[in-house]
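Structure first, then comments.
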Amino acid sequence: MYETADALTKFLPEQYRQAVQYVQIGRHTRLAINGRITDFIPNPTFDRVAAPGAHEKFFAGENTDGLTLREMQGAAIDAPAATRNPEDRIAELDRQGVRETLNYPTLASLVEHSAADDPQLTLAIIHALNRWMLEHWTYAYRDRVFSTPIINCAEVDGARRELEYILEHGAKVALIKPAPVKGVNGWRSPALPEFDPFWRDVESANLPIVLHASQPPLDEYVNKWEPPATKNFMAMSSFRWLALGHREISDMIGSLICHGTLTRFPKLRIASVENGSSWIHPLFHDLRDLTKKMPQNFPEDPLEVFRRNIWVSPFWEGSVADVVETVGWDRVMFGSDYPHPEGLPEPKGYWKYAEGMDTRRTWDFMGDNARRFMGLPIENPDPTARQAPAAATV
């Protein structure tokens, strides 16, 4: 979704109103949180945006003219109506041949990073955004658009309260940033045993959790290698792209396994979304090696824990076969990142990029694996059918 300008502020308590401001810098609008301006998202009002799929050649490795992302995207457009409200999204899903979709907030990708130094402010902004999302989109619009409220784990009790709130209002899935959190005990992994009361609640509620890429937590580290000329993702240097990589999702899932969360709560369903898949082989290699060196630290085979609890949505330009080979066929699901410029303009077209699919696997990849993750009824296609299936996009 592209949020409206009041998404972070409409339900923000009075004592925090000055902590979230839209500021004008020349011709550009920026978001300031806790007195610090962030330019991670170039236009946080989303009045004008890049067209869906505008960066396709860049991510496909076909940038033969050496264009920057900004040059590649061309003229900005008005935010499509389908990104702004649920009824227009339903019409767009019908046009695209997509039956169900997970619908993620865009502004959430910078909030937790920008407000991390103030855990109470972070919790307040996240709750305000979740209330706006509930009012504006609902959490399960017509059981086709499943919007993803956010849970911040800076405080265990705060995370449990937010979980209770979204469950009371019909949430079918929740989003957690794949990163350490800063609470009263400093920076911590949300997979440490002190967070067990929260994860116990999640498991009891049978609520699937998505780990969606967001503003990377490694900025301070990369800034030691090169000056942060900009943190705007569209203007990052090649070194910053290289150094940031996808370390955060590998570390998050590694923590869930090594710190024992997925062993203590084996029914948790976790999905990696918009984090690619190139990190899986190195993580499997390291976990396999660690198991040989420190078997006493792994009451279960960590690779089997991964395969039991983790779903992966690879980038469209990535390798579906690599995920299938490591994680298993029933744990891979497609995602288009519509309507962002790095996504696909037509989500259903992803099936053409996936290697080695017969009819059954195409159906699973384009819909049923995501439905299994969500706990939704799966389809029962005619095995002789040749058309691409109605998709369930993440």
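Ligands are numbered from 1 in the order shown, residues from 1 within each chain, and chains are lettered A, B, ... in the order they appear in the structure tokens.
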Inset, instruction - Could you tell me, as number ranges by chain, which residues of range 58-275 of chain A DSSP assigns to strand (DSSP E or B) when given the backbone? - result: A: 77-78, 98-103, 141, 145-147, 150, 174-176, 181-183, 186-188, 209-212, 270-273
Inset, instruction - Assign secondary structure with DSSP using the backbone only, and return the residues of range 267-383 of chain A in alpha helix (DSSP H) as a VMD selection string. - result: chain A and resid 280 to 293 302 to 309 320 to 326 359 to 363 369 to 374
Inset, instruction - Write out as a VMD selection string each polymer residue whose atoms come within 8 Å of Leu121 in chain A, counting only C-alpha atoms; drop sequence neighbours fewer than 4 positions from it. - result: chain A and resid 16 115 125
Restricted to C-alpha atoms, what would the selected residues look like written as an mmCIF file, in the first residue's frame?
```
data_model
loop_
_atom_site.group_PDB
_atom_site.id
_atom_site.type_symbol
_atom_site.label_atom_id
_atom_site.label_comp_id
_atom_site.auth_asym_id
_atom_site.auth_seq_id
_atom_site.Cartn_x
_atom_site.Cartn_y
_atom_site.Cartn_z
ATOM 1 C CA TYR A 16 4.081 12.244 20.565
ATOM 2 C CA ALA A 115 12.585 5.766 16.141
ATOM 3 C CA ILE A 125 3.904 5.093 16.105
#
```
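Distances from A:Ile166, A:Leu218, A:Ala140, A:Cys258 to Leu242 in chain A were compared using only C-alpha atoms, and the smallest one belongs to A:Leu218.
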Inset, instruction - Determine, counting only C-alpha atoms, which protein, DNA and RNA residues have an atom within 7 Å of an atom of range 154-159 of chain A; residues of the same chain fewer than 6 positions away are not included. Present the result as a PyMOL selection string. - result: chain A and resi 119+181-183+195+198
Hey, which bits of range 324-365 of chain A sit within 9 Å of range 271-281 of chain A, and for each residue what's the closest pair of atoms and how far apart in Å (one decimal), counting only C-alpha atoms, rows by chain and increasing number, as JSON lines?
```
{"residue": "A:Thr326", "atom": "CA", "partner": "A:His281", "partner_atom": "CA", "distance": 7.3}
{"residue": "A:Val327", "atom": "CA", "partner": "A:Ile280", "partner_atom": "CA", "distance": 8.5}
{"residue": "A:Arg331", "atom": "CA", "partner": "A:Ala271", "partner_atom": "CA", "distance": 8.8}
{"residue": "A:Gly335", "atom": "CA", "partner": "A:Glu274", "partner_atom": "CA", "distance": 7.6}
{"residue": "A:Ser336", "atom": "CA", "partner": "A:Glu274", "partner_atom": "CA", "distance": 8.8}
{"residue": "A:Asp337", "atom": "CA", "partner": "A:Glu274", "partner_atom": "CA", "distance": 7.4}
```
Inset, instruction - Would you work out the distance separating CA of Pro52 in chain A from CA of Glu342 in chain A, expressed in Å to one decimal? - result: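 It comes out at 7.4 Å.
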Inset, instruction - Considering only C-alpha atoms, state which residue in the set A:Ser250, A:Asn309, A:Ser319, A:Thr359 is at the smallest distance from Leu283 in chain A. - result: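 Closest candidate: A:Ser250.
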Legend entry - Shell around range 86-94 of chain A at 10 Å using only C-alpha atoms, local window under 3 positions removed, as an NGL selection string: :A and (1 or 80-83 or 97-101 or 103 or 136-138 or 140-142 or 144-147 or 347-348 or 390-393)
I need the chosen residues saved as a PDB file, in the first residue's frame, with C-alpha atoms.
```pdb
ATOM      1  CA  MET A   1       0.000   0.000   0.000  1.00  0.00           C
ATOM      2  CA  PRO A  80      -2.513   4.169  -8.603  1.00  0.00           C
ATOM      3  CA  ALA A  81      -5.902   4.113  -6.900  1.00  0.00           C
ATOM      4  CA  ALA A  82      -5.385   0.428  -6.130  1.00  0.00           C
ATOM      5  CA  THR A  83      -2.509   1.357  -3.815  1.00  0.00           C
ATOM      6  CA  GLY A  97      -6.159 -12.451 -12.267  1.00  0.00           C
ATOM      7  CA  VAL A  98      -5.006 -12.491  -8.648  1.00  0.00           C
ATOM      8  CA  ARG A  99      -7.363 -13.975  -6.081  1.00  0.00           C
ATOM      9  CA  GLU A 100      -5.731 -13.018  -2.757  1.00  0.00           C
ATOM     10  CA  THR A 101      -2.875 -10.762  -1.747  1.00  0.00           C
ATOM     11  CA  ASN A 103      -0.755  -6.058   1.428  1.00  0.00           C
ATOM     12  CA  HIS A 136      -8.526   2.531   6.071  1.00  0.00           C
ATOM     13  CA  TRP A 137      -7.985  -1.013   4.761  1.00  0.00           C
ATOM     14  CA  THR A 138      -9.203  -3.427   7.460  1.00  0.00           C
ATOM     15  CA  ALA A 140      -8.850  -8.891   5.865  1.00  0.00           C
ATOM     16  CA  TYR A 141     -10.856  -6.987   3.281  1.00  0.00           C
ATOM     17  CA  ARG A 142     -13.412  -9.346   1.725  1.00  0.00           C
ATOM     18  CA  ARG A 144      -8.932 -11.228  -0.389  1.00  0.00           C
ATOM     19  CA  VAL A 145      -6.726  -8.326   0.710  1.00  0.00           C
ATOM     20  CA  PHE A 146      -4.826  -9.341   3.840  1.00  0.00           C
ATOM     21  CA  SER A 147      -3.107  -6.233   5.163  1.00  0.00           C
ATOM     22  CA  PRO A 347       2.296  -9.992 -10.695  1.00  0.00           C
ATOM     23  CA  LYS A 348       0.793 -13.059 -12.318  1.00  0.00           C
ATOM     24  CA  ALA A 390      -5.302 -17.703 -10.054  1.00  0.00           C
ATOM     25  CA  ALA A 391      -2.503 -16.333  -7.941  1.00  0.00           C
ATOM     26  CA  ALA A 392      -2.169 -15.529  -4.288  1.00  0.00           C
ATOM     27  CA  THR A 393       0.538 -12.897  -4.220  1.00  0.00           C
TER      28      THR A 393
END
```
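Distance annotation: of A:Ser189, A:Gln21, A:Asn223, A:Asn63, the residue with the minimal separation from Gly260 in chain A is A:Ser189; atom set is only C-alpha atoms.
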Inset, instruction - Have a look at A:Glu71, A:Asp301, A:Glu203, A:Asp219 and name the one nearest to Leu163 in chain A; count only C-alpha atoms. - result: A:Glu203
Legend entry - Residue neighbourhood Leu69 in chain A, 12 Å, only C-alpha atoms, exclusion window fewer than 3 positions, as a list in words: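 Surrounding residues, per the criterion: Ala50, Gly53, Ala54, His55, Glu56, Lys57, Phe58, Phe59, Asn63, Asp65, Gly66, Met72, Gln73, Gly74, Ala75, Asn232, Phe233, Met234, Ala235, Met236, Ser237, Ser238, Pro341 and Glu342 of chain A.
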Any chance you could export the current selection's N, CA and C atoms as a PDB file, in the first residue's frame?
```pdb
ATOM      1  N   ALA A  50       7.006   6.199  -8.591  1.00  0.00           N
ATOM      2  CA  ALA A  50       7.491   5.506  -9.780  1.00  0.00           C
ATOM      3  C   ALA A  50       6.452   4.488 -10.231  1.00  0.00           C
ATOM      4  N   GLY A  53       6.974  -1.645 -11.624  1.00  0.00           N
ATOM      5  CA  GLY A  53       7.865  -2.339 -12.544  1.00  0.00           C
ATOM      6  C   GLY A  53       8.865  -1.465 -13.265  1.00  0.00           C
ATOM      7  N   ALA A  54       8.979  -0.176 -12.881  1.00  0.00           N
ATOM      8  CA  ALA A  54       9.856   0.736 -13.610  1.00  0.00           C
ATOM      9  C   ALA A  54      11.326   0.330 -13.551  1.00  0.00           C
ATOM     10  N   HIS A  55      11.717  -0.406 -12.515  1.00  0.00           N
ATOM     11  CA  HIS A  55      13.121  -0.792 -12.353  1.00  0.00           C
ATOM     12  C   HIS A  55      13.389  -2.233 -12.805  1.00  0.00           C
ATOM     13  N   GLU A  56      12.505  -2.787 -13.605  1.00  0.00           N
ATOM     14  CA  GLU A  56      12.608  -4.201 -13.956  1.00  0.00           C
ATOM     15  C   GLU A  56      13.942  -4.527 -14.620  1.00  0.00           C
ATOM     16  N   LYS A  57      14.422  -3.690 -15.531  1.00  0.00           N
ATOM     17  CA  LYS A  57      15.669  -3.987 -16.224  1.00  0.00           C
ATOM     18  C   LYS A  57      16.860  -3.974 -15.268  1.00  0.00           C
ATOM     19  N   PHE A  58      16.829  -3.083 -14.281  1.00  0.00           N
ATOM     20  CA  PHE A  58      17.924  -3.030 -13.301  1.00  0.00           C
ATOM     21  C   PHE A  58      18.014  -4.343 -12.541  1.00  0.00           C
ATOM     22  N   PHE A  59      16.894  -4.792 -12.002  1.00  0.00           N
ATOM     23  CA  PHE A  59      16.913  -5.993 -11.178  1.00  0.00           C
ATOM     24  C   PHE A  59      17.048  -7.268 -12.005  1.00  0.00           C
ATOM     25  N   ASN A  63      20.708  -3.719 -17.358  1.00  0.00           N
ATOM     26  CA  ASN A  63      20.942  -2.275 -17.389  1.00  0.00           C
ATOM     27  C   ASN A  63      22.144  -1.981 -18.291  1.00  0.00           C
ATOM     28  N   ASP A  65      22.687   0.240 -20.471  1.00  0.00           N
ATOM     29  CA  ASP A  65      23.019   1.645 -20.680  1.00  0.00           C
ATOM     30  C   ASP A  65      23.609   2.301 -19.430  1.00  0.00           C
ATOM     31  N   GLY A  66      23.738   1.553 -18.331  1.00  0.00           N
ATOM     32  CA  GLY A  66      24.329   2.100 -17.124  1.00  0.00           C
ATOM     33  C   GLY A  66      23.513   3.219 -16.498  1.00  0.00           C
ATOM     34  N   MET A  72      16.206   5.419 -14.799  1.00  0.00           N
ATOM     35  CA  MET A  72      15.490   4.291 -15.387  1.00  0.00           C
ATOM     36  C   MET A  72      13.985   4.408 -15.211  1.00  0.00           C
ATOM     37  N   GLN A  73      13.551   4.999 -14.093  1.00  0.00           N
ATOM     38  CA  GLN A  73      12.124   4.966 -13.802  1.00  0.00           C
ATOM     39  C   GLN A  73      11.311   5.938 -14.637  1.00  0.00           C
ATOM     40  N   GLY A  74      11.957   6.935 -15.253  1.00  0.00           N
ATOM     41  CA  GLY A  74      11.208   7.874 -16.073  1.00  0.00           C
ATOM     42  C   GLY A  74      10.358   8.806 -15.235  1.00  0.00           C
ATOM     43  N   ALA A  75       9.332   9.357 -15.855  1.00  0.00           N
ATOM     44  CA  ALA A  75       8.482  10.340 -15.178  1.00  0.00           C
ATOM     45  C   ALA A  75       7.645   9.669 -14.100  1.00  0.00           C
ATOM     46  N   ASN A 232      18.840   7.178   0.728  1.00  0.00           N
ATOM     47  CA  ASN A 232      17.772   6.926  -0.229  1.00  0.00           C
ATOM     48  C   ASN A 232      18.147   5.703  -1.050  1.00  0.00           C
ATOM     49  N   PHE A 233      17.310   4.672  -1.014  1.00  0.00           N
ATOM     50  CA  PHE A 233      17.670   3.415  -1.662  1.00  0.00           C
ATOM     51  C   PHE A 233      17.881   3.579  -3.154  1.00  0.00           C
ATOM     52  N   MET A 234      17.275   4.613  -3.773  1.00  0.00           N
ATOM     53  CA  MET A 234      17.424   4.784  -5.210  1.00  0.00           C
ATOM     54  C   MET A 234      18.744   5.445  -5.575  1.00  0.00           C
ATOM     55  N   ALA A 235      19.481   5.969  -4.580  1.00  0.00           N
ATOM     56  CA  ALA A 235      20.739   6.647  -4.876  1.00  0.00           C
ATOM     57  C   ALA A 235      21.910   6.028  -4.127  1.00  0.00           C
ATOM     58  N   MET A 236      21.759   4.791  -3.667  1.00  0.00           N
ATOM     59  CA  MET A 236      22.840   4.155  -2.928  1.00  0.00           C
ATOM     60  C   MET A 236      24.004   3.798  -3.861  1.00  0.00           C
ATOM     61  N   SER A 237      25.214   3.831  -3.300  1.00  0.00           N
ATOM     62  CA  SER A 237      26.389   3.465  -4.071  1.00  0.00           C
ATOM     63  C   SER A 237      26.422   1.948  -4.284  1.00  0.00           C
ATOM     64  N   SER A 238      27.276   1.518  -5.223  1.00  0.00           N
ATOM     65  CA  SER A 238      27.409   0.085  -5.461  1.00  0.00           C
ATOM     66  C   SER A 238      27.968  -0.619  -4.230  1.00  0.00           C
ATOM     67  N   PRO A 341       8.417   0.045  -7.815  1.00  0.00           N
ATOM     68  CA  PRO A 341       9.115   0.014  -9.110  1.00  0.00           C
ATOM     69  C   PRO A 341      10.025  -1.189  -9.273  1.00  0.00           C
ATOM     70  N   GLU A 342      10.528  -1.759  -8.147  1.00  0.00           N
ATOM     71  CA  GLU A 342      11.399  -2.926  -8.255  1.00  0.00           C
ATOM     72  C   GLU A 342      10.617  -4.220  -8.435  1.00  0.00           C
TER      73      GLU A 342
END
```
Find the residues of range 154-225 of chain A that sit at most 9 Å from range 361-380 of chain A; for each, write down the nearest two atoms and how far apart they are in Å, to one decimal. Count only C-alpha atoms. Sort by chain, then by number going up, and give it as a tab-separated table.
```
residue	atom	partner	partner_atom	distance
A:Lys172	CA	A:Met374	CA	7.4
A:Val173	CA	A:Met374	CA	7.2
A:Asn206	CA	A:Gly375	CA	8.8
A:Leu207	CA	A:Met374	CA	8.1
A:Pro208	CA	A:Met374	CA	6.2
```
Inset, instruction - Provide the CA of Asp322 in chain A to CA of Arg247 in chain A distance in Å, to one decimal place. - result: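 CA of Arg247 in chain A lies at a distance of 18.0 Å from CA of Asp322 in chain A.
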